[in-house]
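Chemist: I'd like to ask some things about the structure below.
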Amino acid sequence: MEITKLHDLYFKKYITEQELKTIVKELAIQVKNDLPKDEVPIFIGILNGCFIFVADFVREFKGDCELSFVKLASYEGTSSSEKVKELIGVNENLEGRTVIILEDVIDTGNTLQDIYKIFNEHKVKELKIVTLFFKPDVYKKELPIHYVGKSIEDKFIVGYGLDYNGYGRNLPAIYQLTSSPKMKNIVLFGPPGAGKGTQAEILKEKYNLKHISTGDVFRYNIKNETELGVLAKSYMDKGDLVPDEVTINMLKDEVNKNPDVKGFIFDGFPRTESQAIALDEFLAEKGECINGMIALEVSEDLLVQRILERGKTSGRVDDQNEAKIRNRFNEYNTKTAVLKDFYKSQNKCYLVNGVGDIEEITERLSDVFDKL
Ligand code: AMP
């Protein structure tokens with residue numbers, strides 16, 4: 001999932017799990033290397049945001065260490081304007097110890113200042129600061145920060161322990177605040193012959209959306225004998241999928257040709273998991289996302305009859321021969337059907353019965369469209 005909604009705001013993926021892993025490991029190695037041999041540090045995590053970072057960091061730290069967590073509580077002081085900061089949870093005797101603070105993010109440095117003040121009272125041997133993220137543009141203090149995992153721009157982030165109003169701590173990657181999507185983008189999904197094209201033509205009018213059928217774009221290119229058409233034809237005639245790279249680039253071009261539309265109905269795309277991932281990433285770059293994937297469900301035998309019927313008038317080579325049709329189903333079952341799970345894991349998959357009159361099915365689809 002590249003764009004995620006928490007409460008009223010949208011966030012886009014900013015730092016991947018893999019990058020986080022590398023950053024945290026690197027920090028743990030540096031901290032270890034700078035310690036005197038046999039020195040057993042006490043790590044102190046500043047809750048709540050640090051909990052995942054700390055859990056990962058200490059597992060990458062090769063050597064003996066102790067670990068504690070504290071919470072910085074602020075309460076009104078005796079004089080009305082004063083805010084007093086207090087640490088909750090330091091039970092260890094820190095005198096003479098090497099204390100290493102683990103922070104998730106340091107921005108203005110106000111919290112850091114409180115930390116310095118409080119820990120200096122504990123007569124520690126040495127106090128070092130490790131922060132996963134640092135926002136140099138807003139840091140206003142002179143206090144040293146000994147280790148920075150990654151410097152980031154001053155934008156609100158969530159995930160990997162960090163929250164927005166309590167939500168988002170469980171996201172495994174870091175997400176950054178982004179503008180609200182303006183489009184309604186829907187993937188109309190289903191096996192060949194399920195009625196995606198027919199329904200998309202009706203729904204695009206009803207909802208004022210742009211319909212992109214990758215099959216239609218390929219057929220247009222074949223008819224006009226473009227380079228793309230020549231390439232695609234050899235695959236299409238057999239009922240095989242056109243290679244991902246070709247299809248993805250074509251799809252992006254089609255989207256980019258329509259910058260001002262209210263959204264898209266994608267028909268026949270994505271058809272593989274890498275197409276679905278590419279689509280998510282491509283839309284996220286624009287601050288947009290897929291609102292939902294609607295799967296039209298029809299049994300295969302019924303579909304073969306429908307397609308053979310359509311083949312009498314459609315002029316499509318791949319509609320006229322049962323072996324080719326079966327091959328298209330094979331492609332669907334082995335490469336495309338998995339996308340249901342892909343969208344289910346994003347909570348975006350809607351199943352609609354695709355058997356019935358055209359109007360009846362439009363009704364069922366509209367019920368879902370209205371919700372998205
Ligand atoms: P359709 O009109 O959606 O049934 O597509 C007809 C044919 O176009 C398919 O059998 C494929 O050969 C090709 N095609 C259409 N969309 C895609 C896609 N997303 N990925 C790969 N091949 C595609």
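So you can find residues: chains in the structure tokens are A, B, ... in the order shown, residues in each start at 1, and ligands are numbered from 1 in order.
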List the spatial neighbours of Asn291 (chain A) as a PyMOL selection string - criterion: any atom at most 10 Å away, only C-alpha atoms, same-chain residues fewer than 3 positions off excluded.

Modeler: chain A and resi 181+183-187+263+288+294+347-349+369+371-372

Chemist: Taking only C-alpha atoms and all ligand atoms into account, which residues have an atom no farther than 6 Å from ligand 1? I'd like them as a PyMOL selection string.

Modeler: chain A and resi 192+214-216+235-236+239-243+247+268-271+328

Chemist: Of the candidates A:Asn110, A:Asn48, A:Asn256, A:Thr98, which one gets nearest to Leu127 (chain A) if we count only C-alpha atoms?

Modeler: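 Nearest to Leu127 (chain A): A:Thr98.
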
Chemist: Pull the strand (DSSP E) assignments for region 87-301 of chain A out of DSSP run on the backbone, and list those residues as number ranges by chain.

Modeler: A: 87-88, 98-106, 126-134, 147-151, 157-158, 174-178, 186-189, 210-213, 264-267, 292-297

Chemist: Would you write out those residues with C-alpha atoms, as an mmCIF file, in the first residue's frame?

Modeler:
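Heads up, here's the output in out.cif:
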```
data_model
loop_
_atom_site.group_PDB
_atom_site.id
_atom_site.type_symbol
_atom_site.label_atom_id
_atom_site.label_comp_id
_atom_site.auth_asym_id
_atom_site.auth_seq_id
_atom_site.Cartn_x
_atom_site.Cartn_y
_atom_site.Cartn_z
ATOM 1 C CA LEU A 87 10.655 11.481 33.452
ATOM 2 C CA ILE A 88 8.514 8.553 34.370
ATOM 3 C CA THR A 98 27.133 5.197 29.946
ATOM 4 C CA VAL A 99 23.595 6.190 29.074
ATOM 5 C CA ILE A 100 22.533 6.105 25.446
ATOM 6 C CA ILE A 101 19.214 7.734 24.640
ATOM 7 C CA LEU A 102 17.243 6.285 21.746
ATOM 8 C CA GLU A 103 14.855 8.763 20.136
ATOM 9 C CA ASP A 104 12.640 8.193 17.114
ATOM 10 C CA VAL A 105 12.746 11.745 15.812
ATOM 11 C CA ILE A 106 14.324 15.022 16.851
ATOM 12 C CA GLU A 126 28.509 9.726 29.647
ATOM 13 C CA LEU A 127 25.308 10.677 27.875
ATOM 14 C CA LYS A 128 24.920 9.998 24.171
ATOM 15 C CA ILE A 129 21.997 10.669 21.906
ATOM 16 C CA VAL A 130 20.911 8.410 19.068
ATOM 17 C CA THR A 131 18.019 9.481 16.890
ATOM 18 C CA LEU A 132 16.512 7.540 14.036
ATOM 19 C CA PHE A 133 15.348 10.695 12.268
ATOM 20 C CA PHE A 134 16.511 14.280 12.455
ATOM 21 C CA TYR A 147 24.138 9.596 15.970
ATOM 22 C CA VAL A 148 21.582 10.364 13.278
ATOM 23 C CA GLY A 149 20.009 7.544 11.289
ATOM 24 C CA LYS A 150 18.620 9.766 8.554
ATOM 25 C CA SER A 151 18.079 13.479 8.121
ATOM 26 C CA ILE A 157 5.656 11.325 9.338
ATOM 27 C CA VAL A 158 3.938 8.238 10.737
ATOM 28 C CA ILE A 174 7.479 5.314 7.301
ATOM 29 C CA TYR A 175 4.761 7.350 5.601
ATOM 30 C CA GLN A 176 4.755 11.067 4.961
ATOM 31 C CA LEU A 177 1.791 13.432 5.000
ATOM 32 C CA THR A 178 0.494 14.130 1.532
ATOM 33 C CA ILE A 186 -11.387 2.150 -9.837
ATOM 34 C CA VAL A 187 -10.046 -1.149 -11.078
ATOM 35 C CA LEU A 188 -12.753 -3.145 -12.818
ATOM 36 C CA PHE A 189 -11.627 -6.682 -12.475
ATOM 37 C CA LYS A 210 -12.092 8.196 -18.028
ATOM 38 C CA HIS A 211 -12.218 4.554 -19.135
ATOM 39 C CA ILE A 212 -8.877 2.971 -19.982
ATOM 40 C CA SER A 213 -8.993 -0.516 -21.452
ATOM 41 C CA PHE A 264 -10.134 6.463 -14.126
ATOM 42 C CA ILE A 265 -11.852 3.162 -14.608
ATOM 43 C CA PHE A 266 -9.065 0.697 -15.304
ATOM 44 C CA ASP A 267 -10.329 -2.227 -17.351
ATOM 45 C CA GLY A 292 -11.308 0.182 -4.915
ATOM 46 C CA MET A 293 -11.079 -2.922 -7.021
ATOM 47 C CA ILE A 294 -14.390 -4.405 -8.103
ATOM 48 C CA ALA A 295 -14.322 -7.999 -9.302
ATOM 49 C CA LEU A 296 -17.102 -9.230 -11.561
ATOM 50 C CA GLU A 297 -17.674 -12.871 -10.778
#
```

Chemist: Any chance you could list, as a VMD selection string, the residues in region 130-203 of chain A that come up helix (DSSP H, G or I) when DSSP is run on the backbone?

Modeler: chain A and resid 196 to 203

Chemist: Determine the nearest neighbour of Leu209 (chain A) from the options A:Pro144, A:Pro259, A:Gly190, A:Gly96, counting only C-alpha atoms.

Modeler: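 Looking at the shortest contact to Leu209 (chain A), the residue is A:Pro259.
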
Chemist: Could you tell me how far CA of Gly45 (chain A) lies from CA of Gln113 (chain A), in Å and to one decimal?

Modeler: 15.5 Å

Chemist: Residues near region 312-324 of chain A, anyone? I mean within 7 Å using only C-alpha atoms, not counting same-chain ones fewer than 3 positions away, as an mmCIF file with all heavy atoms, in the first residue's frame.

Modeler:
```
data_model
loop_
_atom_site.group_PDB
_atom_site.id
_atom_site.type_symbol
_atom_site.label_atom_id
_atom_site.label_comp_id
_atom_site.auth_asym_id
_atom_site.auth_seq_id
_atom_site.Cartn_x
_atom_site.Cartn_y
_atom_site.Cartn_z
ATOM 1 N N ASP A 237 -2.706 -12.490 -30.086
ATOM 2 C CA ASP A 237 -3.341 -13.472 -30.962
ATOM 3 C C ASP A 237 -3.370 -14.858 -30.334
ATOM 4 O O ASP A 237 -4.284 -15.640 -30.565
ATOM 5 C CB ASP A 237 -2.627 -13.516 -32.323
ATOM 6 C CG ASP A 237 -3.033 -12.326 -33.190
ATOM 7 O OD1 ASP A 237 -3.946 -11.579 -32.751
ATOM 8 O OD2 ASP A 237 -2.452 -12.131 -34.270
ATOM 9 N N LYS A 238 -2.360 -15.141 -29.512
ATOM 10 C CA LYS A 238 -2.314 -16.449 -28.859
ATOM 11 C C LYS A 238 -3.113 -16.477 -27.552
ATOM 12 O O LYS A 238 -3.298 -17.518 -26.947
ATOM 13 C CB LYS A 238 -0.853 -16.809 -28.535
ATOM 14 C CG LYS A 238 -0.069 -17.277 -29.756
ATOM 15 C CD LYS A 238 1.338 -17.701 -29.354
ATOM 16 C CE LYS A 238 2.227 -16.486 -29.218
ATOM 17 N NZ LYS A 238 3.586 -16.675 -28.872
ATOM 18 N N GLY A 239 -3.490 -15.275 -27.104
ATOM 19 C CA GLY A 239 -4.176 -15.204 -25.806
ATOM 20 C C GLY A 239 -3.206 -15.099 -24.647
ATOM 21 O O GLY A 239 -3.581 -15.256 -23.490
ATOM 22 N N ILE A 307 -18.039 -15.502 -24.795
ATOM 23 C CA ILE A 307 -16.958 -14.996 -25.641
ATOM 24 C C ILE A 307 -17.100 -15.529 -27.072
ATOM 25 O O ILE A 307 -16.913 -14.791 -28.045
ATOM 26 C CB ILE A 307 -15.578 -15.354 -25.056
ATOM 27 C CG1 ILE A 307 -15.385 -14.643 -23.710
ATOM 28 C CG2 ILE A 307 -14.456 -14.940 -26.003
ATOM 29 C CD1 ILE A 307 -14.137 -15.049 -22.960
ATOM 30 N N LEU A 308 -17.467 -16.824 -27.196
ATOM 31 C CA LEU A 308 -17.660 -17.381 -28.546
ATOM 32 C C LEU A 308 -18.772 -16.628 -29.267
ATOM 33 O O LEU A 308 -18.686 -16.337 -30.459
ATOM 34 C CB LEU A 308 -17.986 -18.878 -28.452
ATOM 35 C CG LEU A 308 -16.788 -19.795 -28.140
ATOM 36 C CD1 LEU A 308 -17.232 -21.214 -27.831
ATOM 37 C CD2 LEU A 308 -15.784 -19.797 -29.307
ATOM 38 N N GLU A 309 -19.816 -16.296 -28.529
ATOM 39 C CA GLU A 309 -20.930 -15.516 -29.067
ATOM 40 C C GLU A 309 -20.415 -14.153 -29.542
ATOM 41 O O GLU A 309 -20.688 -13.709 -30.653
ATOM 42 C CB GLU A 309 -21.943 -15.325 -27.931
ATOM 43 C CG GLU A 309 -23.433 -15.480 -28.205
ATOM 44 C CD GLU A 309 -23.857 -16.171 -29.477
ATOM 45 O OE1 GLU A 309 -23.665 -17.400 -29.558
ATOM 46 O OE2 GLU A 309 -24.415 -15.485 -30.365
ATOM 47 N N ASN A 327 -6.807 -20.503 -23.110
ATOM 48 C CA ASN A 327 -5.478 -20.001 -22.743
ATOM 49 C C ASN A 327 -5.586 -18.657 -22.017
ATOM 50 O O ASN A 327 -4.850 -18.397 -21.062
ATOM 51 C CB ASN A 327 -4.582 -19.861 -23.981
ATOM 52 C CG ASN A 327 -3.160 -19.450 -23.585
ATOM 53 O OD1 ASN A 327 -2.614 -19.973 -22.613
ATOM 54 N ND2 ASN A 327 -2.588 -18.505 -24.300
ATOM 55 N N ARG A 328 -6.507 -17.826 -22.435
ATOM 56 C CA ARG A 328 -6.692 -16.543 -21.740
ATOM 57 C C ARG A 328 -7.147 -16.789 -20.304
ATOM 58 O O ARG A 328 -6.729 -16.083 -19.382
ATOM 59 C CB ARG A 328 -7.683 -15.656 -22.499
ATOM 60 C CG ARG A 328 -7.031 -15.012 -23.739
ATOM 61 C CD ARG A 328 -8.038 -14.564 -24.777
ATOM 62 N NE ARG A 328 -8.908 -13.503 -24.319
ATOM 63 C CZ ARG A 328 -10.082 -13.210 -24.907
ATOM 64 N NH1 ARG A 328 -10.506 -13.915 -25.947
ATOM 65 N NH2 ARG A 328 -10.818 -12.228 -24.440
#
```

Chemist: Find, counting only C-alpha atoms, the residue in A:Ile42, A:Leu47, A:Val255, A:Val298 that gets nearest to Lys286 (chain A).

Modeler: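 Nearest candidate to Lys286 (chain A) out of A:Ile42, A:Leu47, A:Val255, A:Val298: A:Val255.
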
Chemist: So which one's closest to Lys141 (chain A), A:Val230, A:Leu112, A:Ala284, A:Leu251? Using only C-alpha atoms, please.

Modeler: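 Answer, going by the shortest atom-to-atom distance: A:Leu112.
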
Chemist: Work out how far apart CA of Val24 (chain A) and CA of Glu92 (chain A) are and give it in Å to one decimal.

Modeler: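 Pair CA of Val24 (chain A) / CA of Glu92 (chain A) returns 25.4 Å.
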
Chemist: Within 9 Å of Leu94 (chain A), counting only C-alpha atoms, which residues show up once you throw out same-chain ones fewer than 3 positions away? Write them as a list in words, please.

Modeler: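 Here the answer would be Ile42, Val90, Asn91, Arg97, Thr98, Val99, Phe119, His122, Lys123, Val124 and Lys125 of chain A.
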
Chemist: Counting only C-alpha atoms, what is within 8 Å of Lys32 (chain A), bar same-chain residues fewer than 2 positions away, as a short mmCIF file (atom, residue, chain, number, x, y, z; two decimals) with N, CA, C and O atoms, in the first residue's frame?

Modeler:
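After the write, part_14.cif holds the following:
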```cif
data_model
loop_
_atom_site.label_atom_id
_atom_site.label_comp_id
_atom_site.auth_asym_id
_atom_site.auth_seq_id
_atom_site.Cartn_x
_atom_site.Cartn_y
_atom_site.Cartn_z
N ALA A 28 23.43 0.80 14.96
CA ALA A 28 23.84 -0.11 16.03
C ALA A 28 25.33 -0.44 15.92
O ALA A 28 26.04 -0.50 16.93
N ILE A 29 25.79 -0.61 14.69
CA ILE A 29 27.22 -0.92 14.48
C ILE A 29 28.09 0.27 14.90
O ILE A 29 29.07 0.11 15.62
N GLN A 30 27.68 1.47 14.49
CA GLN A 30 28.46 2.68 14.85
C GLN A 30 28.54 2.86 16.35
O GLN A 30 29.60 3.14 16.91
N ASP A 34 32.06 2.70 18.73
CA ASP A 34 32.57 3.86 19.47
C ASP A 34 32.67 3.62 20.97
O ASP A 34 33.21 4.47 21.69
N LEU A 35 32.14 2.51 21.45
CA LEU A 35 32.19 2.25 22.90
C LEU A 35 33.51 1.60 23.27
O LEU A 35 34.04 0.79 22.51
N PHE A 61 22.39 -4.70 18.00
CA PHE A 61 23.54 -4.32 18.83
C PHE A 61 24.22 -5.59 19.34
O PHE A 61 23.64 -6.35 20.12
N LYS A 62 25.44 -5.80 18.88
CA LYS A 62 26.14 -7.04 19.24
C LYS A 62 27.01 -6.79 20.46
O LYS A 62 28.11 -6.26 20.36
N GLY A 63 26.55 -7.17 21.62
CA GLY A 63 27.31 -6.97 22.86
C GLY A 63 26.35 -6.85 24.01
O GLY A 63 25.13 -6.69 23.81
#
```

Chemist: Quick one, how far is CA of Gly354 (chain A) from CA of Ala194 (chain A)?

Modeler: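 One can read the CA of Gly354 (chain A) to CA of Ala194 (chain A) distance as 6.6 Å.
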